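A.B. asks: Shown below is the structure under consideration.
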Amino acid sequence: MSHDGVATRSVMRSVAFLCAGALAMSVLAGCSDPDPAGKPLAGQDIASAARAQIADGGTLRWAVDAVPETLNTFQSDADATTTRIAQATLPSMFRSDRTGRPERNPSYLESAKTVETEPKQVVLYKLNQQAVWSDGREIGAADFAAQWRALSGKDSAYWTARNAGYDRIEKIERGDNDLEVRVTFGRPYADWRSLFSPLYPKEVMGTPDAFNDGARGKLKVSAGPFVVRKIDRKDDEVRLTRNPRWWGEPAKLEEIVLRAVPRGERAAALAAGELDLAEVDPTAARRIALAAPRPKAPTASASGTALMGPPPRALTAKQRRDQARFRGFEVRKSLEPAYTQLALNGGDGPLADERVRRGVARALDREELAKLVLSPLGLPAEPVGSHLALSGQAAYADSSGAIGGQDTAEAQALLTDAGWVPGGPVKEEKKKGEEAAGSEAEKPKKGSEAEKPKKGSEKGSEKDQAKESGKESEEKPEKKSDKKDSGKDSEGADDGTYVVGEDNKRDGDESRAGEQGKHLAQDGKQYGSSQLQQGGAPGAYAPRGTAAPAGAAVRPLAKDGKALTLRFVVPTGEGSQALRTVADRIAIMLERVGIRTVISKVADESYFKDHIASGQYDLALYSWPTSAYPATDARPIYAKPVPAADGSLNVEQNYTRVGTDQVDQLFDEAIATLDESESRSLIRKADSRIWAAAGSIPLYQRPQLTAARRDVANAGAFGFGTPVFEDMGFLKKGANPGPAAS
């Protein structure tokens with residue numbers, strides 16, 4: 001799981017913060033409700049069909065973002081395609097169900113449970129007696145032991161990206177027979193179900209050379225419904241074929257071709273008949289949805305709402321052409337097991353003060369932002385209430401009450417308590433960085449309060465796994481550069497910088513603001529609605545002539561002769577245009593309480609590496625996935641940064657650099673508590689404390705839009721669920737698929 005972090009903890013505690021602690025306790029008391037986890041906001045949309053309705057054979061052409069650099073999911077450069085291949089070709093003891101909770105995979109496990117807790121925790125796995133590797137050898141204790149040794153962290157010759165959980169194992173041995181595996185833990189481990197999923201054969205895990213190099217480009221031995229037949233880097237595709245030794249329900253498809261196609265080219269590839277299944281952006285989704293035949297009676301997608309709103313009264317010439325091009329396709333939609341957040345860098349600057357971070361949080365209308373992104377897609381527009389889980393997952397509970405909802409008066413009170421005074425004197429100061437960003441037309445006016453980003457001392461570790469990069473433009477974080485930011489990226493000049501609140505905005509920006517309302521909000525490369533509302537503070541980034549809301553004339557805040565101005569970093573890429581609109585909306589909300597923002601646009605390739613991971617920002621938007629194992633997977637995001645031996649700060653994946661000893665302790669207790677109910681309670685307490693620290697503010701669950709041929713069954717927008725590859729296929733003639741989202 002990819003994560004984020006938070007910044008240094010403020011030394012000062014205001015009365016408002018103490019009150020928030022009381023709010024947190026009331027939220028925690030609510031955790032005694034029957035099931036605070038609730039249900040997923042949107043279910044799977046995969047055109048479910050019985051196996052009897054699916055034809056035998058065929059090739060499914062499925063778009064992916066890239067041919068993977070490695071087939072070893074435990075290496076640092078593994079990506080989403082690596083994971084997809086592993087799901088189709090390797091054993092997983094547990095997989096996610098439709099609610100995002102772990103369930104036993106019966107293809108490999110007859111049972112798995114903790115059989116002893118004293119003196120040490122012992123988990124007994126009973127394997128499916130038919131489970132064999134593709135070379136005919138039985139899956140057994142030797143494979144479990146080899147993976148444990150490789151991932152335990154004790155042998156530095158193994159270049160592993162993660163070892164969480166495996167480092168707690170003391171020994172692995174054969175049980176009463178070859179089908180039993182006994183795993184003894186030296187320290188209790190609540191998330192033991194996260195282990196051995198996937199499970200690699202001992203041929204891969206047995207030696208450092210095999211682990212580091214052998215499994216990067218091929219899997220000689222596997223054990224799933226499919227095997228890797230060929231990785232073709234020339235044609236940018238991976239071919240998976242049926243596994244002749246598969247013991248479960250035989251795969252319906254003869255072959256799956258994972259083809260690397262850029263997201264901007266997928267609509268054309270679908271229209272040309274080159275793809276059968278592809279995640280798409282909302283612009284392409286709307287084109288396909290409008291072209292699909294409309295049913296006489298409204299049908300519901302998994303979310304129970306219409307896609308993209310009502311149809312237009314009359315089709316344009318382009319839409320009429322699309323009807324012919326996309327005939328036979330539909331759009332399937334759900335919500336990803338991931339959320340978009342506003343990150344507040346507490347490493348230095350004004351946001352190092354917890355009261356300022358809380359003031360920013362209280363200025364945000366999260367419900368408005370969720371609607372902005374999700375309502376135009378016909379998806380449930382509810383703000384995310386947890387950093388550690390999503391609605392429907394076992395650990396979920398809405399703990400946002402620990403910080404409170406949008407309240408302008410409370411936001412201003414917190415900022416005043418931190419010393420930021422409305423209309424205070426501001427020292428005019430020419431800044432070097434103002435001469436560096438963008439072209440002449442894009443520079444902020446001299447004398448504005450745009451601040452140069454400060455050089456920090458932190459360094460971030462690499463991500464454990466790449467998040468599904470089809471929805472993100474973020475690269476794996478690397479160690480922080482020592483270069484000072486003078487208004488240019490380390491990899492190229494900023495596309496432009498402008499200050500929200502200046503009256504003399506560029507004409508080009510003003511015209512583009514209205515144009516951006518036609519696009520959809522995205523997270524890196526994750527999309528949603530971006531239509532700008534008709535309203536904004538005076539001088540805010542909004543179309544010329546836009547009316548200002550009541551009470552919007554708020555004087556900028558200042559302290560010690562310096563205005564409260566935050567650098568909001570956004571990517572410049574074509575696919576990130578709508579993300580910039582979301583940042584604009586947040587900037588308007590902040591201006592209403594007197595906070596000015598400098599919108600700093602940076603190249604996509606340096607957005608995460610040179611800004612987020614290295615701490616060169618005040619505000620930023622990016623996403624994290626959630627998992628069924630938050631005590632294990634979320635801890636690196638929220639762990640308190642600690643000084644490294646060289647004097648820098650080791651932030652792990654806590655890129656906001658906000659953390660507390662109490663949150664760390666709650667994670668440690670949750671991961672060592674074998675009572676599942678108690679462990680969930682501890683996770684929810686940790687989340688409440690994370691909310692109170694205001695290092696990151698969850699906004700909305702990310703949309704998932706998949707274009708599919710109408711006869712493709714059991715595939716599409718999977719939501720929380722792990723794909724069942726053996727059940728995918730093409731419907732027989734005359735068979736009826738599940739409800740269509742279009």
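Ligands are numbered from 1 in the order shown, residues from 1 within each chain, and chains are lettered A, B, ... in the order they appear in the structure tokens.
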Can you check which parts of region 324-399 of chain A lie within 12 Å of region 595-608 of chain A? Per residue, the shortest pair of atoms and distance in Å to one decimal, counting only C-alpha atoms, sorted by chain and number, as CSV.

C.D. replies:
```
residue,atom,partner,partner_atom,distance
A:Pro350,CA,A:Ile595,CA,10.8
A:Leu351,CA,A:Ile595,CA,11.7
A:Val356,CA,A:Ile595,CA,10.0
A:Arg357,CA,A:Ile595,CA,11.4
A:Gly359,CA,A:Ile595,CA,9.6
A:Val360,CA,A:Ile595,CA,8.3
A:Ala361,CA,A:Ile595,CA,11.9
A:Ala363,CA,A:Ile595,CA,9.6
A:Leu364,CA,A:Ile595,CA,11.9
```

A.B. asks: Those same residues, written as an mmCIF file, in the first residue's frame with all heavy atoms?

C.D. replies:
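out04.cif written:
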```cif
data_model
loop_
_atom_site.group_PDB
_atom_site.id
_atom_site.type_symbol
_atom_site.label_atom_id
_atom_site.label_comp_id
_atom_site.auth_asym_id
_atom_site.auth_seq_id
_atom_site.Cartn_x
_atom_site.Cartn_y
_atom_site.Cartn_z
ATOM 1 N N PRO A 350 4.348 28.181 8.012
ATOM 2 C CA PRO A 350 3.154 28.416 8.837
ATOM 3 C C PRO A 350 2.445 27.130 9.260
ATOM 4 O O PRO A 350 1.884 27.059 10.347
ATOM 5 C CB PRO A 350 2.261 29.265 7.926
ATOM 6 C CG PRO A 350 3.185 29.903 6.948
ATOM 7 C CD PRO A 350 4.293 28.922 6.733
ATOM 8 N N LEU A 351 2.487 26.092 8.403
ATOM 9 C CA LEU A 351 1.754 24.865 8.701
ATOM 10 C C LEU A 351 2.449 23.987 9.738
ATOM 11 O O LEU A 351 1.922 22.954 10.128
ATOM 12 C CB LEU A 351 1.502 24.070 7.418
ATOM 13 C CG LEU A 351 0.567 24.748 6.413
ATOM 14 C CD1 LEU A 351 0.438 23.917 5.147
ATOM 15 C CD2 LEU A 351 -0.810 24.986 7.029
ATOM 16 N N VAL A 356 -2.698 26.415 12.771
ATOM 17 C CA VAL A 356 -2.871 26.868 11.386
ATOM 18 C C VAL A 356 -3.402 25.724 10.530
ATOM 19 O O VAL A 356 -4.305 25.910 9.707
ATOM 20 C CB VAL A 356 -1.551 27.424 10.820
ATOM 21 C CG1 VAL A 356 -1.734 27.856 9.362
ATOM 22 C CG2 VAL A 356 -1.059 28.600 11.656
ATOM 23 N N ARG A 357 -2.862 24.523 10.723
ATOM 24 C CA ARG A 357 -3.361 23.373 9.966
ATOM 25 C C ARG A 357 -4.839 23.140 10.264
ATOM 26 O O ARG A 357 -5.633 22.882 9.361
ATOM 27 C CB ARG A 357 -2.557 22.110 10.308
ATOM 28 C CG ARG A 357 -1.096 22.180 9.916
ATOM 29 C CD ARG A 357 -0.460 20.799 9.884
ATOM 30 N NE ARG A 357 -0.589 20.062 11.129
ATOM 31 C CZ ARG A 357 0.279 20.132 12.141
ATOM 32 N NH1 ARG A 357 1.323 20.931 12.056
ATOM 33 N NH2 ARG A 357 0.088 19.412 13.241
ATOM 34 N N GLY A 359 -6.924 25.362 11.266
ATOM 35 C CA GLY A 359 -7.666 26.455 10.656
ATOM 36 C C GLY A 359 -7.930 26.201 9.187
ATOM 37 O O GLY A 359 -9.030 26.466 8.677
ATOM 38 N N VAL A 360 -6.938 25.673 8.482
ATOM 39 C CA VAL A 360 -7.123 25.300 7.072
ATOM 40 C C VAL A 360 -8.214 24.237 6.953
ATOM 41 O O VAL A 360 -9.109 24.315 6.107
ATOM 42 C CB VAL A 360 -5.800 24.801 6.463
ATOM 43 C CG1 VAL A 360 -6.034 24.160 5.094
ATOM 44 C CG2 VAL A 360 -4.797 25.935 6.348
ATOM 45 N N ALA A 361 -8.143 23.231 7.816
ATOM 46 C CA ALA A 361 -9.121 22.143 7.756
ATOM 47 C C ALA A 361 -10.537 22.651 7.986
ATOM 48 O O ALA A 361 -11.481 22.236 7.303
ATOM 49 C CB ALA A 361 -8.765 21.066 8.786
ATOM 50 N N ALA A 363 -11.705 25.482 7.289
ATOM 51 C CA ALA A 363 -12.137 26.337 6.182
ATOM 52 C C ALA A 363 -12.689 25.535 5.009
ATOM 53 O O ALA A 363 -13.354 26.091 4.132
ATOM 54 C CB ALA A 363 -10.969 27.207 5.705
ATOM 55 N N LEU A 364 -12.423 24.230 4.975
ATOM 56 C CA LEU A 364 -12.798 23.405 3.830
ATOM 57 C C LEU A 364 -14.222 22.881 3.949
ATOM 58 O O LEU A 364 -14.622 22.394 5.000
ATOM 59 C CB LEU A 364 -11.847 22.205 3.707
ATOM 60 C CG LEU A 364 -10.363 22.494 3.497
ATOM 61 C CD1 LEU A 364 -9.605 21.181 3.391
ATOM 62 C CD2 LEU A 364 -10.140 23.354 2.268
#
```

A.B. asks: Quick one: residues within 8 Å of region 393-407 of chain A, only C-alpha atoms counted, chain neighbours fewer than 2 positions away excluded, as number ranges by chain?

C.D. replies: A: 20-25, 27-28, 31, 36-40, 99-101, 358, 361-366, 384-386, 388-391, 409-411, 628, 630, 680-681, 683-684, 687-689, 691-692, 694

A.B. asks: With only C-alpha atoms as the basis for distance, which of A:Ala268, A:Ala210, A:Ala317, A:Ala42 is at the shortest distance from Gln147 (chain A)?

C.D. replies: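 The shortest atom-to-atom distance to Gln147 (chain A) comes from A:Ala210.
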
A.B. asks: If you run DSSP on the backbone here, which positions in region 602-694 of chain A get strand (DSSP E or B)? Please write them as a ChimeraX atom specification.

C.D. replies: /A:602,619-625,642-643,649-650,658

A.B. asks: Write the residues of the selection above to a file with N, CA, C and O atoms, as a CSV table (one decimal), in the first residue's frame.

C.D. replies:
```csv
chain,number,residue,atom,x,y,z
A,602,VAL,N,3.9,22.6,-11.6
A,602,VAL,CA,5.2,22.0,-11.8
A,602,VAL,C,5.0,20.8,-12.7
A,602,VAL,O,3.9,20.3,-12.9
A,619,LEU,N,0.8,23.0,0.4
A,619,LEU,CA,-0.5,22.2,0.1
A,619,LEU,C,-0.3,21.4,-1.1
A,619,LEU,O,0.3,21.8,-2.1
A,620,ALA,N,-0.9,20.2,-1.2
A,620,ALA,CA,-0.9,19.4,-2.4
A,620,ALA,C,-2.1,18.4,-2.3
A,620,ALA,O,-2.6,18.1,-1.3
A,621,LEU,N,-2.4,17.9,-3.5
A,621,LEU,CA,-3.5,16.9,-3.6
A,621,LEU,C,-2.9,15.7,-4.2
A,621,LEU,O,-2.3,15.7,-5.3
A,622,TYR,N,-3.1,14.6,-3.5
A,622,TYR,CA,-2.7,13.3,-4.1
A,622,TYR,C,-3.4,12.2,-3.3
A,622,TYR,O,-4.2,12.5,-2.4
A,623,SER,N,-3.3,10.9,-3.7
A,623,SER,CA,-4.1,9.8,-3.2
A,623,SER,C,-3.3,8.8,-2.5
A,623,SER,O,-2.2,8.5,-2.9
A,624,TRP,N,-4.0,8.0,-1.7
A,624,TRP,CA,-3.5,6.8,-1.1
A,624,TRP,C,-4.6,5.7,-1.2
A,624,TRP,O,-5.8,6.0,-1.0
A,625,PRO,N,-4.2,4.5,-1.5
A,625,PRO,CA,-5.1,3.4,-1.4
A,625,PRO,C,-5.3,3.0,0.1
A,625,PRO,O,-4.5,3.3,0.9
A,642,VAL,N,11.5,10.5,12.4
A,642,VAL,CA,12.5,10.4,13.4
A,642,VAL,C,13.8,10.8,12.8
A,642,VAL,O,14.1,10.7,11.6
A,643,PRO,N,14.7,11.4,13.6
A,643,PRO,CA,16.0,11.9,13.0
A,643,PRO,C,16.9,10.7,12.5
A,643,PRO,O,16.9,9.6,13.2
A,649,LEU,N,15.8,14.0,8.5
A,649,LEU,CA,14.6,13.4,9.1
A,649,LEU,C,14.1,12.3,8.3
A,649,LEU,O,13.8,12.4,7.1
A,650,ASN,N,14.0,11.1,8.8
A,650,ASN,CA,13.5,9.9,8.1
A,650,ASN,C,11.9,10.0,8.3
A,650,ASN,O,11.4,9.7,9.3
A,658,VAL,N,3.8,15.1,9.8
A,658,VAL,CA,3.1,15.3,11.0
A,658,VAL,C,2.9,13.9,11.6
A,658,VAL,O,2.3,13.0,11.0
```

A.B. asks: Per DSSP on the backbone, filter region 40-243 of chain A down to the residues in helix (DSSP H, G or I) and report them as number ranges by chain.

C.D. replies: A: 51-53, 80-89, 141-151, 166-168, 192-194, 202-205, 208-214

A.B. asks: Store the residues picked out above in a file with N, CA and C atoms, as a tab-separated table (two decimals), in the first residue's frame.

C.D. replies:
```tsv
chain	number	residue	atom	x	y	z
A	51	ARG	N	-21.17	-18.94	-14.87
A	51	ARG	CA	-20.19	-19.54	-15.77
A	51	ARG	C	-20.87	-20.24	-16.94
A	52	ALA	N	-22.07	-20.75	-16.71
A	52	ALA	CA	-22.79	-21.45	-17.79
A	52	ALA	C	-23.16	-20.51	-18.93
A	53	GLN	N	-23.21	-19.20	-18.65
A	53	GLN	CA	-23.57	-18.22	-19.67
A	53	GLN	C	-22.37	-17.75	-20.49
A	80	ALA	N	1.17	-1.59	-10.71
A	80	ALA	CA	-0.18	-2.15	-10.72
A	80	ALA	C	-0.28	-3.35	-11.65
A	81	THR	N	0.45	-3.32	-12.76
A	81	THR	CA	0.40	-4.46	-13.68
A	81	THR	C	1.09	-5.67	-13.07
A	82	THR	N	2.15	-5.44	-12.30
A	82	THR	CA	2.78	-6.54	-11.57
A	82	THR	C	1.76	-7.23	-10.68
A	83	THR	N	0.98	-6.43	-9.96
A	83	THR	CA	-0.04	-6.98	-9.07
A	83	THR	C	-1.10	-7.74	-9.85
A	84	ARG	N	-1.55	-7.20	-10.97
A	84	ARG	CA	-2.59	-7.86	-11.76
A	84	ARG	C	-2.11	-9.22	-12.27
A	85	ILE	N	-0.87	-9.28	-12.72
A	85	ILE	CA	-0.31	-10.55	-13.20
A	85	ILE	C	-0.22	-11.55	-12.05
A	86	ALA	N	0.21	-11.08	-10.88
A	86	ALA	CA	0.31	-11.97	-9.72
A	86	ALA	C	-1.05	-12.52	-9.34
A	87	GLN	N	-2.09	-11.70	-9.41
A	87	GLN	CA	-3.44	-12.17	-9.08
A	87	GLN	C	-3.91	-13.29	-10.00
A	88	ALA	N	-3.46	-13.24	-11.25
A	88	ALA	CA	-3.90	-14.24	-12.23
A	88	ALA	C	-3.04	-15.50	-12.23
A	89	THR	N	-1.81	-15.41	-11.71
A	89	THR	CA	-0.87	-16.51	-11.91
A	89	THR	C	-0.30	-17.11	-10.63
A	141	ALA	N	5.04	-26.33	2.79
A	141	ALA	CA	5.76	-25.57	3.81
A	141	ALA	C	7.08	-25.01	3.30
A	142	ALA	N	7.74	-25.71	2.37
A	142	ALA	CA	9.03	-25.23	1.86
A	142	ALA	C	8.87	-23.88	1.16
A	143	ASP	N	7.74	-23.68	0.48
A	143	ASP	CA	7.51	-22.41	-0.20
A	143	ASP	C	7.23	-21.30	0.81
A	144	PHE	N	6.44	-21.59	1.84
A	144	PHE	CA	6.18	-20.61	2.89
A	144	PHE	C	7.48	-20.21	3.58
A	145	ALA	N	8.31	-21.19	3.89
A	145	ALA	CA	9.55	-20.92	4.60
A	145	ALA	C	10.51	-20.09	3.75
A	146	ALA	N	10.61	-20.40	2.47
A	146	ALA	CA	11.50	-19.65	1.59
A	146	ALA	C	11.08	-18.19	1.50
A	147	GLN	N	9.76	-17.96	1.41
A	147	GLN	CA	9.28	-16.57	1.33
A	147	GLN	C	9.53	-15.83	2.63
A	148	TRP	N	9.33	-16.50	3.75
A	148	TRP	CA	9.61	-15.88	5.04
A	148	TRP	C	11.08	-15.46	5.15
A	149	ARG	N	11.99	-16.36	4.79
A	149	ARG	CA	13.43	-16.04	4.92
A	149	ARG	C	13.81	-14.88	4.01
A	150	ALA	N	13.23	-14.85	2.81
A	150	ALA	CA	13.56	-13.78	1.86
A	150	ALA	C	13.06	-12.42	2.34
A	151	LEU	N	11.89	-12.41	3.00
A	151	LEU	CA	11.24	-11.14	3.34
A	151	LEU	C	11.38	-10.77	4.81
A	166	TYR	N	6.42	-10.33	8.09
A	166	TYR	CA	7.38	-11.44	7.97
A	166	TYR	C	8.49	-11.32	9.02
A	167	ASP	N	8.78	-10.08	9.43
A	167	ASP	CA	9.82	-9.88	10.44
A	167	ASP	C	9.37	-10.32	11.84
A	168	ARG	N	8.10	-10.65	12.00
A	168	ARG	CA	7.58	-11.11	13.29
A	168	ARG	C	7.55	-12.63	13.40
A	192	TRP	N	-2.02	-11.18	10.30
A	192	TRP	CA	-1.35	-12.36	9.74
A	192	TRP	C	-1.98	-12.79	8.41
A	193	ARG	N	-3.25	-12.43	8.18
A	193	ARG	CA	-3.89	-12.80	6.91
A	193	ARG	C	-3.28	-12.07	5.72
A	194	SER	N	-2.55	-11.00	5.98
A	194	SER	CA	-1.92	-10.26	4.88
A	194	SER	C	-0.71	-11.00	4.29
A	202	LYS	N	9.43	-21.63	-4.06
A	202	LYS	CA	10.76	-21.56	-3.46
A	202	LYS	C	11.84	-21.32	-4.51
A	203	GLU	N	11.55	-21.64	-5.77
A	203	GLU	CA	12.52	-21.38	-6.84
A	203	GLU	C	12.79	-19.89	-7.01
A	204	VAL	N	11.80	-19.05	-6.66
A	204	VAL	CA	11.96	-17.60	-6.75
A	204	VAL	C	12.54	-17.04	-5.46
A	205	MET	N	12.07	-17.52	-4.32
A	205	MET	CA	12.45	-16.96	-3.04
A	205	MET	C	13.68	-17.62	-2.41
A	208	PRO	N	19.06	-15.14	-3.11
A	208	PRO	CA	19.02	-13.71	-3.46
A	208	PRO	C	19.05	-13.47	-4.97
A	209	ASP	N	19.83	-14.23	-5.71
A	209	ASP	CA	19.91	-14.02	-7.16
A	209	ASP	C	18.56	-14.28	-7.82
A	210	ALA	N	17.91	-15.36	-7.41
A	210	ALA	CA	16.61	-15.68	-8.00
A	210	ALA	C	15.59	-14.61	-7.63
A	211	PHE	N	15.65	-14.12	-6.39
A	211	PHE	CA	14.70	-13.10	-5.95
A	211	PHE	C	14.96	-11.77	-6.65
A	212	ASN	N	16.22	-11.36	-6.70
A	212	ASN	CA	16.56	-10.04	-7.23
A	212	ASN	C	16.43	-9.95	-8.74
A	213	ASP	N	16.79	-11.03	-9.44
A	213	ASP	CA	16.84	-10.97	-10.90
A	213	ASP	C	15.96	-12.00	-11.60
A	214	GLY	N	15.86	-13.19	-11.02
A	214	GLY	CA	15.20	-14.28	-11.73
A	214	GLY	C	13.74	-14.05	-12.04
```

A.B. asks: So which one's closest to Ala370 (chain A), A:Leu414, A:Ile586, A:Leu60, A:Asp97? Using only C-alpha atoms, please.

C.D. replies: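 The shortest atom-to-atom distance to Ala370 (chain A) comes from A:Ile586.
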
A.B. asks: Which one of A:Glu279, A:Glu726, A:Glu382, A:Asp236 sits closest to Arg332 (chain A) if you count only C-alpha atoms?

C.D. replies: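 Smallest separation from Arg332 (chain A) among the options: A:Glu279.
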
A.B. asks: Residues at most 6 Å from Leu344 (chain A), counting only C-alpha atoms, excluding those fewer than 2 positions away in the same chain, as a list in words?

C.D. replies: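 Skipping anything fewer than 2 positions along the chain leaves Asp618, Leu619, Thr656, Gly695 and Ser696 of chain A.
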
A.B. asks: When distances are computed from only C-alpha atoms, which of A:Gly659, A:Pro102, A:Gly57, A:Pro225 shows the smallest separation from Ser134 (chain A)?

C.D. replies: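 Nearest candidate to Ser134 (chain A) out of A:Gly659, A:Pro102, A:Gly57, A:Pro225: A:Pro225.
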
A.B. asks: Check the smallest atom-to-atom distance from each of A:Gly248, A:Gly419, A:Pro723, A:Pro68 to Pro106 (chain A) using only C-alpha atoms, then report the winner.

C.D. replies: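 Nearest candidate to Pro106 (chain A) out of A:Gly248, A:Gly419, A:Pro723, A:Pro68: A:Gly248.
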
A.B. asks: What is the distance, in Å and to one decimal place, between CA of Gly424 (chain A) and CA of Gly346 (chain A)?

C.D. replies: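 So the answer is 23.5 Å.
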
A.B. asks: From the set A:Arg137, A:Gly58, A:Phe226, A:Tyr200, which residue has the shortest atom-to-atom contact distance to Val724 (chain A), counting only C-alpha atoms?

C.D. replies: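 Of the candidates, the smallest distance to Val724 (chain A) is held by A:Phe226.
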
A.B. asks: Skip region 662-670 of chain A itself and residues of its chain fewer than 6 positions away, then list as a tab-separated table (two decimals) with N, CA and C atoms, in the first residue's frame all residues within 8 Å of it, counting only C-alpha atoms.

C.D. replies:
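This went into part-v5.tsv:
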```tsv
chain	number	residue	atom	x	y	z
A	190	ALA	N	-1.56	-9.19	14.44
A	190	ALA	CA	-2.99	-9.18	14.15
A	190	ALA	C	-3.29	-9.34	12.66
A	631	ALA	N	-3.33	-1.47	10.13
A	631	ALA	CA	-2.29	-1.42	11.16
A	631	ALA	C	-0.92	-1.68	10.56
A	635	ARG	N	0.68	2.39	8.65
A	635	ARG	CA	1.60	2.93	9.65
A	635	ARG	C	2.72	3.77	9.05
A	638	TYR	N	1.74	7.50	8.61
A	638	TYR	CA	1.41	8.38	9.73
A	638	TYR	C	2.39	8.26	10.89
A	639	ALA	N	3.43	7.44	10.75
A	639	ALA	CA	4.41	7.31	11.82
A	639	ALA	C	5.16	8.63	12.02
A	640	LYS	N	5.47	8.95	13.25
A	640	LYS	CA	6.18	10.19	13.57
A	640	LYS	C	7.57	10.15	12.95
A	678	GLU	N	-11.01	-5.47	19.34
A	678	GLU	CA	-10.16	-4.53	20.04
A	678	GLU	C	-9.18	-3.87	19.09
A	679	SER	N	-8.64	-4.65	18.16
A	679	SER	CA	-7.70	-4.10	17.18
A	679	SER	C	-8.37	-3.01	16.33
A	680	ARG	N	-9.62	-3.28	15.89
A	680	ARG	CA	-10.34	-2.27	15.11
A	680	ARG	C	-10.59	-1.01	15.93
A	682	LEU	N	-8.74	0.18	18.30
A	682	LEU	CA	-7.46	0.91	18.39
A	682	LEU	C	-7.16	1.65	17.09
A	683	ILE	N	-7.47	1.02	15.96
A	683	ILE	CA	-7.27	1.67	14.66
A	683	ILE	C	-8.13	2.93	14.57
A	685	LYS	N	-9.26	4.74	17.04
A	685	LYS	CA	-8.70	5.75	17.94
A	685	LYS	C	-7.51	6.44	17.27
A	686	ALA	N	-6.66	5.66	16.61
A	686	ALA	CA	-5.52	6.25	15.92
A	686	ALA	C	-5.99	7.22	14.84
A	689	ARG	N	-7.02	10.54	16.26
A	689	ARG	CA	-5.85	11.38	16.61
A	689	ARG	C	-5.21	11.96	15.36
A	690	ILE	N	-5.21	11.19	14.27
A	690	ILE	CA	-4.65	11.70	13.00
A	690	ILE	C	-5.49	12.87	12.49
```

A.B. asks: State, in Å with one decimal place, the distance from CA of Ser677 (chain A) to CA of Thr184 (chain A).

C.D. replies: 22.3 Å
